[in-house]
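What's in structure.txt: compact mmCIF, C-alpha atoms and all ligand atoms
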# COMPACT_ATOMS: atom_id res chain seq x y z
CA MET A 427 -0.75 -12.37 -28.45
CA GLN A 428 -4.20 -11.09 -29.64
CA ASP A 429 -5.20 -7.89 -27.90
CA ASN A 430 -8.40 -9.38 -26.44
CA ILE A 431 -6.35 -12.07 -24.66
CA ILE A 432 -5.46 -11.33 -21.02
CA PRO A 433 -2.37 -13.18 -19.73
CA ILE A 434 -2.83 -14.59 -16.22
CA VAL A 435 -0.32 -15.85 -13.69
CA TYR A 436 -1.61 -18.12 -10.92
CA GLU A 437 -0.16 -20.22 -8.12
CA HIS A 438 0.44 -23.94 -8.54
CA PRO A 439 1.32 -25.46 -5.15
CA ASN A 440 3.82 -28.32 -5.15
CA ALA A 441 2.64 -31.80 -4.17
CA ALA A 442 4.01 -31.50 -0.61
CA GLN A 443 2.23 -28.12 -0.18
CA THR A 444 5.46 -26.53 0.98
CA SER A 445 5.81 -23.96 -1.82
CA CYS A 446 4.07 -22.62 -4.92
CA SER A 447 5.42 -22.14 -8.41
CA THR A 448 3.78 -19.76 -10.84
CA ALA A 449 1.87 -21.06 -13.83
CA HIS A 450 0.62 -19.15 -16.85
CA THR A 451 -2.75 -19.13 -18.53
CA TRP A 452 -5.13 -16.66 -20.15
CA ALA A 453 -8.66 -15.28 -20.34
CA LYS A 454 -10.49 -13.58 -23.22
CA LYS A 455 -12.08 -10.16 -23.13
CA PRO A 456 -15.41 -10.37 -25.01
CA ARG A 457 -16.75 -7.53 -27.16
CA GLU A 458 -19.33 -5.31 -25.45
CA PRO A 459 -22.44 -4.97 -27.68
CA GLU A 460 -23.67 -1.51 -28.73
CA ALA A 461 -26.84 -0.19 -27.04
CA GLY A 462 -29.20 -1.08 -29.94
CA GLU A 463 -27.57 -4.47 -30.42
CA LYS A 464 -28.03 -5.13 -26.71
CA VAL A 465 -31.81 -4.66 -26.86
CA GLU A 466 -32.06 -7.01 -29.83
CA LEU A 467 -29.81 -9.61 -28.15
CA ILE A 468 -31.81 -9.57 -24.92
CA ALA A 469 -35.08 -10.07 -26.83
CA ARG A 470 -33.55 -12.92 -28.86
CA ILE A 471 -32.14 -14.65 -25.76
CA LYS A 472 -35.49 -14.38 -23.96
CA ASN A 473 -37.22 -16.11 -26.89
CA MET A 474 -34.61 -18.83 -27.15
CA LEU A 475 -34.79 -19.56 -23.41
CA ILE A 476 -38.55 -20.14 -23.76
CA GLU A 477 -38.31 -22.11 -27.03
CA GLN A 478 -35.58 -24.36 -25.67
CA ASP A 479 -37.09 -24.86 -22.19
CA ALA A 480 -33.93 -23.34 -20.75
CA VAL A 481 -33.20 -21.44 -17.54
CA LEU A 482 -30.37 -18.95 -17.00
CA VAL A 483 -28.38 -19.34 -13.78
CA ALA A 484 -25.86 -16.55 -13.17
CA HIS A 485 -23.25 -15.62 -10.57
CA TYR A 486 -23.03 -12.18 -8.92
CA TYR A 487 -19.65 -11.58 -10.57
CA VAL A 488 -20.86 -11.76 -14.20
CA HIS A 489 -21.84 -8.77 -16.32
CA PRO A 490 -24.86 -6.83 -14.91
CA ASP A 491 -26.78 -7.48 -18.17
CA LEU A 492 -26.60 -11.23 -17.54
CA GLN A 493 -27.53 -10.87 -13.87
CA ASP A 494 -30.62 -8.82 -14.80
CA LEU A 495 -31.55 -11.15 -17.64
CA ALA A 496 -31.35 -14.22 -15.39
CA GLU A 497 -33.79 -12.67 -12.94
CA ALA A 498 -36.08 -11.25 -15.64
CA THR A 499 -36.48 -14.69 -17.23
CA GLY A 500 -37.25 -16.71 -14.08
CA GLY A 501 -33.69 -17.84 -13.49
CA ILE A 502 -31.42 -16.82 -10.64
CA VAL A 503 -28.42 -14.68 -9.85
CA SER A 504 -26.72 -15.83 -6.67
CA ASP A 505 -23.70 -17.49 -5.04
CA SER A 506 -22.30 -20.90 -5.96
CA LEU A 507 -24.40 -22.79 -3.40
CA ASP A 508 -27.69 -21.30 -4.61
CA MET A 509 -26.70 -21.76 -8.24
CA ALA A 510 -26.20 -25.49 -7.65
CA ASN A 511 -29.37 -25.79 -5.60
CA PHE A 512 -31.56 -23.82 -7.99
CA GLY A 513 -30.32 -25.61 -11.13
CA ASN A 514 -30.94 -28.91 -9.39
CA GLN A 515 -34.55 -28.08 -8.50
CA HIS A 516 -35.60 -26.31 -11.69
CA PRO A 517 -37.62 -28.39 -14.19
CA ALA A 518 -36.07 -26.83 -17.33
CA LYS A 519 -34.41 -29.26 -19.78
CA THR A 520 -31.46 -26.94 -20.38
CA ILE A 521 -29.45 -24.98 -17.81
CA ALA A 522 -27.44 -22.06 -19.18
CA VAL A 523 -24.75 -21.22 -16.64
CA ALA A 524 -23.20 -17.74 -16.69
CA GLY A 525 -20.19 -18.18 -14.45
CA VAL A 526 -17.03 -20.26 -14.54
CA ARG A 527 -16.43 -23.83 -15.56
CA PHE A 528 -16.72 -25.50 -12.14
CA MET A 529 -20.24 -24.02 -11.84
CA GLY A 530 -21.26 -25.58 -15.16
CA GLU A 531 -19.70 -28.89 -14.13
CA THR A 532 -21.53 -28.87 -10.79
CA ALA A 533 -24.83 -28.30 -12.63
CA LYS A 534 -24.05 -31.19 -14.99
CA ILE A 535 -23.00 -33.56 -12.20
CA LEU A 536 -26.27 -32.87 -10.37
CA ASN A 537 -28.34 -33.10 -13.56
CA PRO A 538 -26.62 -35.53 -15.95
CA GLU A 539 -29.80 -35.91 -18.00
CA LYS A 540 -29.98 -32.16 -18.73
CA ARG A 541 -28.13 -30.09 -21.30
CA VAL A 542 -25.82 -27.63 -19.54
CA LEU A 543 -24.50 -24.79 -21.69
CA MET A 544 -21.99 -22.05 -20.92
CA PRO A 545 -21.22 -18.89 -22.92
CA ASP A 546 -17.50 -19.79 -22.88
CA LEU A 547 -16.10 -23.14 -21.79
CA ASP A 548 -12.65 -21.60 -21.25
CA ALA A 549 -13.89 -19.59 -18.25
CA GLU A 550 -11.62 -21.12 -15.64
CA CYS A 551 -10.78 -20.41 -11.99
CA SER A 552 -7.28 -20.19 -10.50
CA LEU A 553 -8.32 -22.38 -7.56
CA ASP A 554 -9.46 -25.14 -9.90
CA LEU A 555 -6.37 -24.81 -12.13
CA GLY A 556 -4.04 -24.83 -9.11
CA CYS A 557 -5.37 -28.17 -7.87
CA PRO A 558 -4.90 -30.82 -10.58
CA ALA A 559 -6.74 -34.08 -9.85
CA ASP A 560 -3.72 -36.40 -10.03
CA GLU A 561 -1.64 -34.29 -7.61
CA PHE A 562 -4.61 -33.84 -5.30
CA SER A 563 -5.28 -37.56 -5.33
CA ALA A 564 -1.67 -38.23 -4.27
CA PHE A 565 -2.08 -35.70 -1.44
CA CYS A 566 -5.24 -37.54 -0.26
CA ASP A 567 -3.45 -40.90 -0.51
CA ALA A 568 -0.71 -39.54 1.76
CA HIS A 569 -3.29 -38.64 4.45
CA PRO A 570 -5.86 -41.45 4.44
CA GLU A 571 -6.95 -40.72 8.04
CA ARG A 572 -8.42 -37.32 7.06
CA THR A 573 -11.92 -36.44 5.84
CA VAL A 574 -11.57 -34.72 2.47
CA VAL A 575 -13.45 -31.42 2.17
CA VAL A 576 -13.16 -29.55 -1.13
CA TYR A 577 -14.38 -26.15 -2.14
CA ALA A 578 -16.85 -25.93 -5.03
CA ASN A 579 -14.08 -24.24 -7.08
CA THR A 580 -12.57 -27.56 -8.19
CA SER A 581 -12.84 -29.95 -11.12
CA ALA A 582 -15.27 -32.88 -11.27
CA ALA A 583 -12.34 -35.28 -10.81
CA VAL A 584 -11.22 -33.52 -7.59
CA LYS A 585 -14.80 -33.62 -6.28
CA ALA A 586 -14.84 -37.35 -7.05
CA ARG A 587 -11.98 -37.74 -4.54
CA ALA A 588 -13.81 -35.80 -1.79
CA ASP A 589 -16.11 -36.73 1.09
CA TRP A 590 -17.72 -33.28 1.20
CA MET A 591 -18.01 -30.32 -1.09
CA VAL A 592 -18.56 -26.89 0.46
CA THR A 593 -19.04 -23.35 -0.75
CA SER A 594 -18.13 -20.29 1.30
CA SER A 595 -21.78 -20.06 2.49
CA ILE A 596 -21.64 -23.39 4.27
CA ALA A 597 -17.95 -24.12 4.96
CA LEU A 598 -18.12 -23.17 8.66
CA PRO A 599 -21.18 -25.28 9.60
CA VAL A 600 -19.85 -28.30 7.67
CA VAL A 601 -16.44 -28.15 9.36
CA LYS A 602 -18.07 -27.68 12.80
CA HIS A 603 -20.27 -30.70 12.07
CA LEU A 604 -17.22 -32.82 11.14
CA MET A 605 -15.29 -31.60 14.17
CA ALA A 606 -18.14 -32.67 16.44
CA GLN A 607 -17.61 -36.18 15.03
CA GLY A 608 -13.90 -35.99 15.91
CA LYS A 609 -12.79 -35.81 12.26
CA LYS A 610 -9.50 -34.38 11.05
CA ILE A 611 -9.81 -32.55 7.77
CA LEU A 612 -7.90 -32.37 4.53
CA TRP A 613 -8.98 -29.13 2.87
CA ALA A 614 -8.55 -27.91 -0.72
CA PRO A 615 -7.82 -25.79 -2.59
CA ASP A 616 -8.10 -22.24 -1.12
CA ARG A 617 -5.57 -21.65 1.67
CA HIS A 618 -7.14 -18.33 2.73
CA LEU A 619 -10.66 -19.71 3.10
CA GLY A 620 -9.13 -22.81 4.72
CA SER A 621 -7.20 -20.84 7.35
CA TYR A 622 -10.22 -18.63 8.04
CA VAL A 623 -12.35 -21.75 8.69
CA GLN A 624 -9.57 -23.27 10.78
CA GLU A 625 -9.28 -20.14 12.90
CA GLN A 626 -13.03 -19.82 13.39
CA THR A 627 -13.63 -23.47 14.29
CA GLY A 628 -10.33 -24.64 15.80
CA ALA A 629 -10.56 -27.75 13.56
CA ASP A 630 -7.51 -29.83 12.70
CA MET A 631 -7.14 -28.96 9.01
CA LEU A 632 -4.38 -29.75 6.54
CA LEU A 633 -4.56 -27.18 3.74
CA TRP A 634 -3.88 -27.29 0.01
CA GLN A 635 -2.07 -24.03 -0.75
CA GLY A 636 -4.11 -22.64 -3.67
CA SER A 637 -5.47 -19.10 -4.00
CA CYS A 638 -7.84 -16.93 -6.01
CA ILE A 639 -6.06 -14.45 -8.29
CA VAL A 640 -8.77 -11.84 -7.66
CA HIS A 641 -9.09 -11.95 -3.87
CA ASP A 642 -5.36 -12.43 -3.35
CA GLU A 643 -4.80 -8.88 -4.59
CA TYR A 644 -6.62 -7.01 -1.83
CA LYS A 645 -4.13 -5.01 0.22
CA ALA A 646 -4.41 -4.64 4.01
CA GLN A 647 -2.32 -1.49 4.41
CA GLU A 648 -4.24 0.38 1.70
CA LEU A 649 -7.51 -0.83 3.23
CA ILE A 650 -6.46 0.63 6.59
CA GLU A 651 -5.80 3.94 4.82
CA LEU A 652 -9.19 3.86 3.07
CA LYS A 653 -10.91 3.06 6.39
CA ALA A 654 -9.22 6.10 7.90
CA LYS A 655 -10.78 8.26 5.16
CA TYR A 656 -14.22 6.72 5.75
CA PRO A 657 -14.25 6.01 9.50
CA LEU A 658 -17.97 5.13 9.55
CA ALA A 659 -17.74 2.68 6.65
CA LYS A 660 -18.25 -1.03 7.30
CA VAL A 661 -15.88 -3.47 5.62
CA LEU A 662 -17.34 -6.52 3.83
CA VAL A 663 -14.82 -9.24 2.93
CA HIS A 664 -15.06 -12.56 1.07
CA PRO A 665 -13.06 -15.24 2.92
CA GLU A 666 -10.94 -15.96 -0.18
CA ALA A 667 -9.11 -12.72 0.66
CA PRO A 668 -5.77 -12.89 2.55
CA ARG A 669 -5.85 -13.17 6.35
CA ALA A 670 -4.62 -9.61 6.95
CA VAL A 671 -7.59 -8.29 4.95
CA VAL A 672 -10.10 -10.64 6.60
CA LYS A 673 -8.87 -9.35 9.99
CA LEU A 674 -10.04 -5.84 9.03
CA ALA A 675 -13.57 -6.98 8.15
CA ASP A 676 -16.79 -6.11 9.91
CA VAL A 677 -18.47 -8.97 8.04
CA VAL A 678 -16.85 -12.01 6.39
CA GLY A 679 -19.03 -14.14 4.13
CA SER A 680 -19.99 -15.59 0.79
CA THR A 681 -21.28 -13.29 -1.93
CA SER A 682 -24.92 -13.68 -0.87
CA GLN A 683 -24.01 -13.28 2.81
CA LEU A 684 -22.18 -10.03 2.00
CA ILE A 685 -25.20 -8.73 0.05
CA LYS A 686 -27.46 -9.52 3.02
CA ALA A 687 -25.01 -7.75 5.32
CA ALA A 688 -25.11 -4.66 3.09
CA GLN A 689 -28.91 -4.67 3.36
CA ASN A 690 -29.12 -5.35 7.09
CA THR A 691 -26.18 -3.36 8.50
CA ASP A 692 -27.03 0.09 9.75
CA ALA A 693 -24.35 2.03 7.85
CA ASP A 694 -24.35 4.33 4.83
CA THR A 695 -20.97 3.40 3.39
CA PHE A 696 -19.36 0.02 2.75
CA ILE A 697 -15.91 -1.01 1.56
CA VAL A 698 -16.25 -4.25 -0.38
CA ALA A 699 -13.39 -6.74 -0.73
CA THR A 700 -14.75 -9.09 -3.35
CA ASP A 701 -15.19 -9.03 -7.15
CA ASN A 702 -16.78 -5.73 -8.15
CA GLY A 703 -19.50 -7.54 -10.14
CA ILE A 704 -21.29 -7.85 -6.79
CA LEU A 705 -21.74 -4.05 -6.56
CA HIS A 706 -24.48 -4.20 -9.19
CA LYS A 707 -26.82 -6.16 -6.90
CA MET A 708 -25.74 -4.22 -3.78
CA ARG A 709 -26.57 -0.90 -5.47
CA ILE A 710 -29.96 -2.17 -6.70
CA LEU A 711 -30.93 -3.44 -3.25
CA CYS A 712 -29.49 -0.48 -1.32
CA PRO A 713 -29.82 2.53 -3.65
CA HIS A 714 -29.11 5.06 -0.90
CA LYS A 715 -25.92 3.43 0.35
CA ILE A 716 -22.39 4.00 -0.95
CA PHE A 717 -20.23 1.07 -1.97
CA LEU A 718 -16.47 1.48 -2.43
CA GLU A 719 -14.14 -1.13 -3.87
CA ALA A 720 -11.44 -2.32 -1.46
CA PRO A 721 -7.97 -1.40 -2.78
CA THR A 722 -6.10 -3.91 -4.92
CA ALA A 723 -3.29 -1.61 -5.88
CA GLY A 724 -0.74 0.09 -3.68
CA GLN A 725 2.91 0.04 -2.87
CA GLY A 726 4.61 -2.74 -4.77
CA ALA A 727 1.29 -4.10 -6.05
CA THR A 728 0.90 -5.42 -9.58
CA CYS A 729 -2.82 -5.49 -9.91
CA THR A 730 -3.72 -7.73 -12.83
CA SER A 731 -7.31 -8.71 -12.10
CA CYS A 732 -8.10 -5.46 -10.23
CA SER A 733 -11.20 -6.66 -8.41
CA HIS A 734 -12.82 -8.37 -11.37
CA CYS A 735 -12.44 -12.02 -12.26
CA PRO A 736 -11.19 -12.19 -15.87
CA TRP A 737 -12.89 -15.56 -16.33
CA MET A 738 -16.27 -14.40 -15.02
CA ALA A 739 -15.86 -11.49 -17.46
CA MET A 740 -15.79 -13.97 -20.37
CA ASN A 741 -19.57 -14.30 -20.10
CA GLY A 742 -21.58 -11.85 -22.21
CA LEU A 743 -24.84 -11.41 -24.07
CA LEU A 744 -23.16 -12.05 -27.42
CA ASN A 745 -21.68 -15.45 -26.57
CA LEU A 746 -24.79 -16.48 -24.61
CA ALA A 747 -26.96 -15.76 -27.68
CA GLU A 748 -24.54 -17.64 -29.92
CA VAL A 749 -24.45 -20.66 -27.64
CA LEU A 750 -28.24 -20.90 -27.46
CA GLU A 751 -28.53 -20.42 -31.22
CA ARG A 752 -25.94 -22.99 -32.20
CA GLY A 753 -26.37 -25.36 -29.25
CA HIS A 754 -22.62 -25.62 -28.77
CA ASN A 755 -20.47 -25.08 -25.63
CA GLU A 756 -22.21 -27.90 -23.84
CA ILE A 757 -20.53 -29.02 -20.62
CA HIS A 758 -19.56 -32.69 -20.61
CA VAL A 759 -18.40 -34.51 -17.50
CA ASP A 760 -16.98 -38.02 -17.83
CA PRO A 761 -20.02 -40.28 -17.03
CA ALA A 762 -17.68 -42.62 -15.14
CA ILE A 763 -16.87 -39.79 -12.67
CA ILE A 764 -20.40 -38.49 -12.09
CA PRO A 765 -21.71 -41.16 -9.64
CA ARG A 766 -18.72 -40.52 -7.33
CA ALA A 767 -18.52 -36.72 -7.83
CA VAL A 768 -22.21 -36.23 -7.03
CA LEU A 769 -21.83 -37.66 -3.50
CA PRO A 770 -19.97 -34.73 -1.84
CA ILE A 771 -22.20 -32.20 -3.61
CA GLN A 772 -25.44 -33.94 -2.64
CA ARG A 773 -24.14 -34.34 0.92
CA MET A 774 -23.67 -30.56 1.09
CA LEU A 775 -27.13 -29.82 -0.34
CA ASP A 776 -28.80 -32.28 2.07
CA PHE A 777 -26.88 -30.78 4.99
CA ALA A 778 -27.89 -27.25 3.95
CA ARG A 779 -31.53 -28.36 4.09
CA GLU A 780 -31.01 -30.16 7.41
CA ILE A 781 -29.54 -27.10 9.13
CA LYS A 782 -32.04 -24.85 7.31
CA LEU A 783 -29.28 -22.71 5.81
CA PRO A 784 -31.09 -19.96 3.94
CA THR A 785 -30.78 -20.76 0.23
CA ARG A 786 -32.77 -19.43 -2.67
CA GLY A 787 -34.47 -22.52 -4.03
CA ILE A 788 -37.37 -22.35 -6.46
CA GLY A 789 -40.25 -20.39 -5.01
CA ASN A 790 -38.42 -18.67 -2.18
CA ALA A 791 -36.36 -16.23 -4.21
P1 LIG B 801 -19.51 -17.57 -3.60
O1 LIG B 801 -19.91 -18.99 -3.40
O2 LIG B 801 -19.37 -16.81 -2.33
O3 LIG B 801 -20.42 -16.90 -4.57
O4 LIG B 801 -18.04 -17.55 -4.22
C1 LIG B 801 -17.71 -18.09 -5.47
C2 LIG B 801 -16.43 -17.59 -5.95
O5 LIG B 801 -15.89 -18.06 -6.93
C3 LIG B 801 -15.80 -16.51 -5.22
O6 LIG B 801 -14.64 -16.12 -5.84
FE1 LIG B 802 -12.07 -18.41 -9.15
FE2 LIG B 802 -11.36 -16.20 -7.95
FE3 LIG B 802 -12.63 -16.08 -10.28
FE4 LIG B 802 -13.94 -16.87 -8.02
S1 LIG B 802 -13.09 -14.86 -8.45
S2 LIG B 802 -14.03 -17.83 -10.03
S3 LIG B 802 -12.30 -17.98 -6.98
S4 LIG B 802 -10.59 -16.94 -9.91
Have the structure of the file written as structure tokens, please.
Amino acid sequence: MQDNIIPIVYEHPNAAQTSCSTAHTWAKKPREPEAGEKVELIARIKNMLIEQDAVLVAHYYVHPDLQDLAEATGGIVSDSLDMANFGNQHPAKTIAVAGVRFMGETAKILNPEKRVLMPDLDAECSLDLGCPADEFSAFCDAHPERTVVVYANTSAAVKARADWMVTSSIALPVVKHLMAQGKKILWAPDRHLGSYVQEQTGADMLLWQGSCIVHDEYKAQELIELKAKYPLAKVLVHPEAPRAVVKLADVVGSTSQLIKAAQNTDADTFIVATDNGILHKMRILCPHKIFLEAPTAGQGATCTSCSHCPWMAMNGLLNLAEVLERGHNEIHVDPAIIPRAVLPIQRMLDFAREIKLPTRGIGNA
């Protein structure tokens, strides 16, 4: 295997959701440009974004250079809900998405007339990979009485089978809203986020048993030990982390909710249980606070992603420049799927507006 290829093992739940087998895939480590090359690349990308009427939409987990560039060029760095919302409202003809494939697909489904580019189309997500559309469809067929709620981290074909799409920012209010209507829920694919929502709301939820390879690695016992060393530290946890880790949190939330918590919580030190790409924004916004990564290694642990998503890490300045230059790596979603897949996404965006969930649309960033 080439030495820039990272082997990845992820969970593939069986159709009955009673057990998981392991499946194998890979990610690619991109080359980091030299300092001088970086300056030249940033200038070139800025020009190409203007020339091509393109906007850069980035996730908090991608390389700090891309996060800064997105903001410096009138784009956005945010969570998956804001990325979808912003790309949908922005007038640019091209959306360059620095993130993982489902984020590019969501942008395309919402804006089929636009060109959606990604630095690397092989940037996957273990939740998406662990929930193949045909198996998911059979699961839905077996439970026709349930309202189907899927996480954003799924393929276009899985979204086309859903009634609602949610992200971690809005999962709780959507499930509460459905519960108030007496609905029973079929949830996919993240079992940890699903059981957190179930516990918080008391909803009747049947869960797909997928997981995120990054968040699954946080270790409760080692977190307890780190807390003991920093007794005044507050613990910020993404709900894709295992239950035992979520139970130790002071704040549980999406990436943007955790950043807000870091800003608004009266503490000097934080232990952060989510991809370490987020620390860039936290440190910019709170320069006098200390942010520690939650432990992923410990007794018996085999840390492979070690707090950084290997697929998010596939996005870089070099491949972004190349994609804009050559116009390749365009996201295509089967046009036959789009009219159905857009419904659960649009329903979520409309609901976010209805409940006035704070999102960073154009003009209120
Ligand atoms: P957020 O929507 O909280 O940014 O999460 C996306 C994601 O992939 C987390 O692993
Ligand atoms: Fe998927 Fe986990 Fe990577 Fe987020 S961090 S994109 S959930 S694999």
*May I ask which of the residues A:Pro545, A:Pro599, A:Pro761, A:Gly530 is the closest one to Leu783 of chain A, counting all atoms listed in the file?*
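Of all the options, A:Pro599 lies closest to Leu783 of chain A.
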Set out as CSV a contact list for chain A and ligand LIG 801 (chain B) with a cut-off of 6 Å, giving each residue of chain A that qualifies its closest atom pair and distance in Å to one decimal, counting all atoms listed in the file, ordered by chain and rising residue number.
residue,atom,partner,partner_atom,distance
A:Asp505,CA,B:LIG801,O3,3.4
A:Ser506,CA,B:LIG801,O1,4.0
A:Leu507,CA,B:LIG801,O1,5.9
A:Thr593,CA,B:LIG801,O1,5.2
A:Ser594,CA,B:LIG801,O2,5.2
A:Ser680,CA,B:LIG801,O2,3.4
A:Thr681,CA,B:LIG801,O2,4.0
Write as a PDB file with C-alpha atoms, in the frame of the given file the residues around ligand LIG 802 (chain B), taking 6 Å as the cut-off and counting all atoms listed in the file.
ATOM      1  CA  VAL A 526     -17.030 -20.260 -14.540  1.00  0.00           C
ATOM      2  CA  CYS A 551     -10.780 -20.410 -11.990  1.00  0.00           C
ATOM      3  CA  SER A 552      -7.280 -20.190 -10.500  1.00  0.00           C
ATOM      4  CA  LEU A 553      -8.320 -22.380  -7.560  1.00  0.00           C
ATOM      5  CA  CYS A 638      -7.840 -16.930  -6.010  1.00  0.00           C
ATOM      6  CA  ILE A 639      -6.060 -14.450  -8.290  1.00  0.00           C
ATOM      7  CA  VAL A 640      -8.770 -11.840  -7.660  1.00  0.00           C
ATOM      8  CA  CYS A 735     -12.440 -12.020 -12.260  1.00  0.00           C
TER       9      CYS A 735
END
*Using all atoms listed in the file, which of the listed residues (A:Arg470, A:Lys655, A:Lys585, A:Lys610) sits closest to Leu718 of chain A?*
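For Leu718 of chain A, the nearest of the given residues is A:Lys655.
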Grab all the atoms of segment 452-457 of chain A that the file lists, wrap them in a box along x, y and z, add 4 Å per side, and give me centre plus edge lengths in Å (one decimal) as AutoDock Vina command-line options.
--center_x -10.9 --center_y -12.1 --center_z -23.7 --size_x 19.6 --size_y 17.1 --size_z 15.0
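Shell of Asp491 of chain A at 10 Å, with all atoms listed in the file counted and residues fewer than 6 places along the chain excluded, is Lys464, Ile468, His706, Gly742 and Leu743 of chain A.
The gap separating atom CA of Ile471 of chain A from atom CA of Ala582 of chain A is 28.8 Å, in Å to one decimal.
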*Skipping near chain neighbours, those fewer than 6 positions away, what residues fall within 12 Å of Pro657 of chain A using all atoms listed in the file, listed as a PyMOL selection string?*
chain A and resi 649-651+693-697
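The interatomic distance for the pair atom CA of Thr451 of chain A and atom CA of Ala739 of chain A works out to 15.2 Å.
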*Neighbour residues at most 8 Å from (-15.1, -37.1, -1.3) (all atoms listed in the file) as a list in words*: Thr573, Val574, Val575, Val576, Lys585, Ala586, Arg587, Ala588, Asp589, Trp590, Met591, Arg766, Ala767, Leu769 and Pro770 of chain A
*Smallest atom-to-atom distance to Leu555 of chain A: which of A:Ala524, A:Val435, A:Leu536, A:Ala469, using all atoms listed in the file?*
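Ranking A:Ala524, A:Val435, A:Leu536, A:Ala469 by distance to Leu555 of chain A, first place goes to A:Val435.
In this structure, atom CA of His603 of chain A sits 9.7 Å away from atom CA of Phe777 of chain A.
Among the candidate residues A:Asn690, A:Ser595, A:Lys540, A:Ile611, the one lying nearest to His664 of chain A is A:Ser595, with distances computed using only C-alpha atoms.
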*Quick one: everything within 8 Å of Ala496 of chain A, counting all atoms listed in the file, minus sequence neighbours fewer than 5 positions away in the same chain. Send it as a PyMOL selection string.*
chain A and resi 481-484+501-503
Taking N, CA and C atoms as the atom set, what does segment 553-570 of chain A look like once completed, written as a PDB file, keeping the file's coordinate frame?
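Dumped everything to result_14.pdb:
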ATOM      1  N   LEU A 553      -8.301 -21.354  -8.608  1.00  0.00           N
ATOM      2  CA  LEU A 553      -8.320 -22.380  -7.560  1.00  0.00           C
ATOM      3  C   LEU A 553      -8.416 -23.767  -8.187  1.00  0.00           C
ATOM      4  N   ASP A 554      -9.284 -23.875  -9.180  1.00  0.00           N
ATOM      5  CA  ASP A 554      -9.460 -25.140  -9.900  1.00  0.00           C
ATOM      6  C   ASP A 554      -8.159 -25.505 -10.643  1.00  0.00           C
ATOM      7  N   LEU A 555      -7.599 -24.538 -11.366  1.00  0.00           N
ATOM      8  CA  LEU A 555      -6.370 -24.810 -12.130  1.00  0.00           C
ATOM      9  C   LEU A 555      -5.199 -25.186 -11.223  1.00  0.00           C
ATOM     10  N   GLY A 556      -5.165 -24.599 -10.030  1.00  0.00           N
ATOM     11  CA  GLY A 556      -4.040 -24.830  -9.110  1.00  0.00           C
ATOM     12  C   GLY A 556      -4.184 -26.104  -8.292  1.00  0.00           C
ATOM     13  N   CYS A 557      -5.168 -26.923  -8.623  1.00  0.00           N
ATOM     14  CA  CYS A 557      -5.370 -28.170  -7.870  1.00  0.00           C
ATOM     15  C   CYS A 557      -5.675 -29.310  -8.842  1.00  0.00           C
ATOM     16  N   PRO A 558      -4.665 -29.746  -9.608  1.00  0.00           N
ATOM     17  CA  PRO A 558      -4.900 -30.820 -10.580  1.00  0.00           C
ATOM     18  C   PRO A 558      -5.261 -32.140  -9.885  1.00  0.00           C
ATOM     19  N   ALA A 559      -6.177 -32.884 -10.501  1.00  0.00           N
ATOM     20  CA  ALA A 559      -6.740 -34.080  -9.850  1.00  0.00           C
ATOM     21  C   ALA A 559      -5.690 -35.120  -9.468  1.00  0.00           C
ATOM     22  N   ASP A 560      -4.698 -35.345 -10.347  1.00  0.00           N
ATOM     23  CA  ASP A 560      -3.720 -36.400 -10.030  1.00  0.00           C
ATOM     24  C   ASP A 560      -2.878 -36.015  -8.812  1.00  0.00           C
ATOM     25  N   GLU A 561      -2.453 -34.733  -8.753  1.00  0.00           N
ATOM     26  CA  GLU A 561      -1.640 -34.290  -7.610  1.00  0.00           C
ATOM     27  C   GLU A 561      -2.476 -34.269  -6.329  1.00  0.00           C
ATOM     28  N   PHE A 562      -3.733 -33.873  -6.481  1.00  0.00           N
ATOM     29  CA  PHE A 562      -4.610 -33.840  -5.300  1.00  0.00           C
ATOM     30  C   PHE A 562      -4.861 -35.245  -4.778  1.00  0.00           C
ATOM     31  N   SER A 563      -5.028 -36.177  -5.701  1.00  0.00           N
ATOM     32  CA  SER A 563      -5.280 -37.560  -5.330  1.00  0.00           C
ATOM     33  C   SER A 563      -4.093 -38.118  -4.535  1.00  0.00           C
ATOM     34  N   ALA A 564      -2.874 -37.769  -4.977  1.00  0.00           N
ATOM     35  CA  ALA A 564      -1.670 -38.230  -4.270  1.00  0.00           C
ATOM     36  C   ALA A 564      -1.628 -37.629  -2.862  1.00  0.00           C
ATOM     37  N   PHE A 565      -2.034 -36.385  -2.745  1.00  0.00           N
ATOM     38  CA  PHE A 565      -2.080 -35.700  -1.440  1.00  0.00           C
ATOM     39  C   PHE A 565      -3.082 -36.435  -0.508  1.00  0.00           C
ATOM     40  N   CYS A 566      -4.237 -36.804  -1.058  1.00  0.00           N
ATOM     41  CA  CYS A 566      -5.240 -37.540  -0.260  1.00  0.00           C
ATOM     42  C   CYS A 566      -4.684 -38.907   0.144  1.00  0.00           C
ATOM     43  N   ASP A 567      -4.013 -39.578  -0.813  1.00  0.00           N
ATOM     44  CA  ASP A 567      -3.450 -40.900  -0.510  1.00  0.00           C
ATOM     45  C   ASP A 567      -2.438 -40.835   0.633  1.00  0.00           C
ATOM     46  N   ALA A 568      -1.732 -39.685   0.712  1.00  0.00           N
ATOM     47  CA  ALA A 568      -0.710 -39.540   1.760  1.00  0.00           C
ATOM     48  C   ALA A 568      -1.331 -39.274   3.137  1.00  0.00           C
ATOM     49  N   HIS A 569      -2.628 -38.968   3.168  1.00  0.00           N
ATOM     50  CA  HIS A 569      -3.290 -38.640   4.450  1.00  0.00           C
ATOM     51  C   HIS A 569      -4.631 -39.368   4.560  1.00  0.00           C
ATOM     52  N   PRO A 570      -4.599 -40.701   4.524  1.00  0.00           N
ATOM     53  CA  PRO A 570      -5.860 -41.450   4.440  1.00  0.00           C
ATOM     54  C   PRO A 570      -6.749 -41.292   5.673  1.00  0.00           C
TER      55      PRO A 570
END
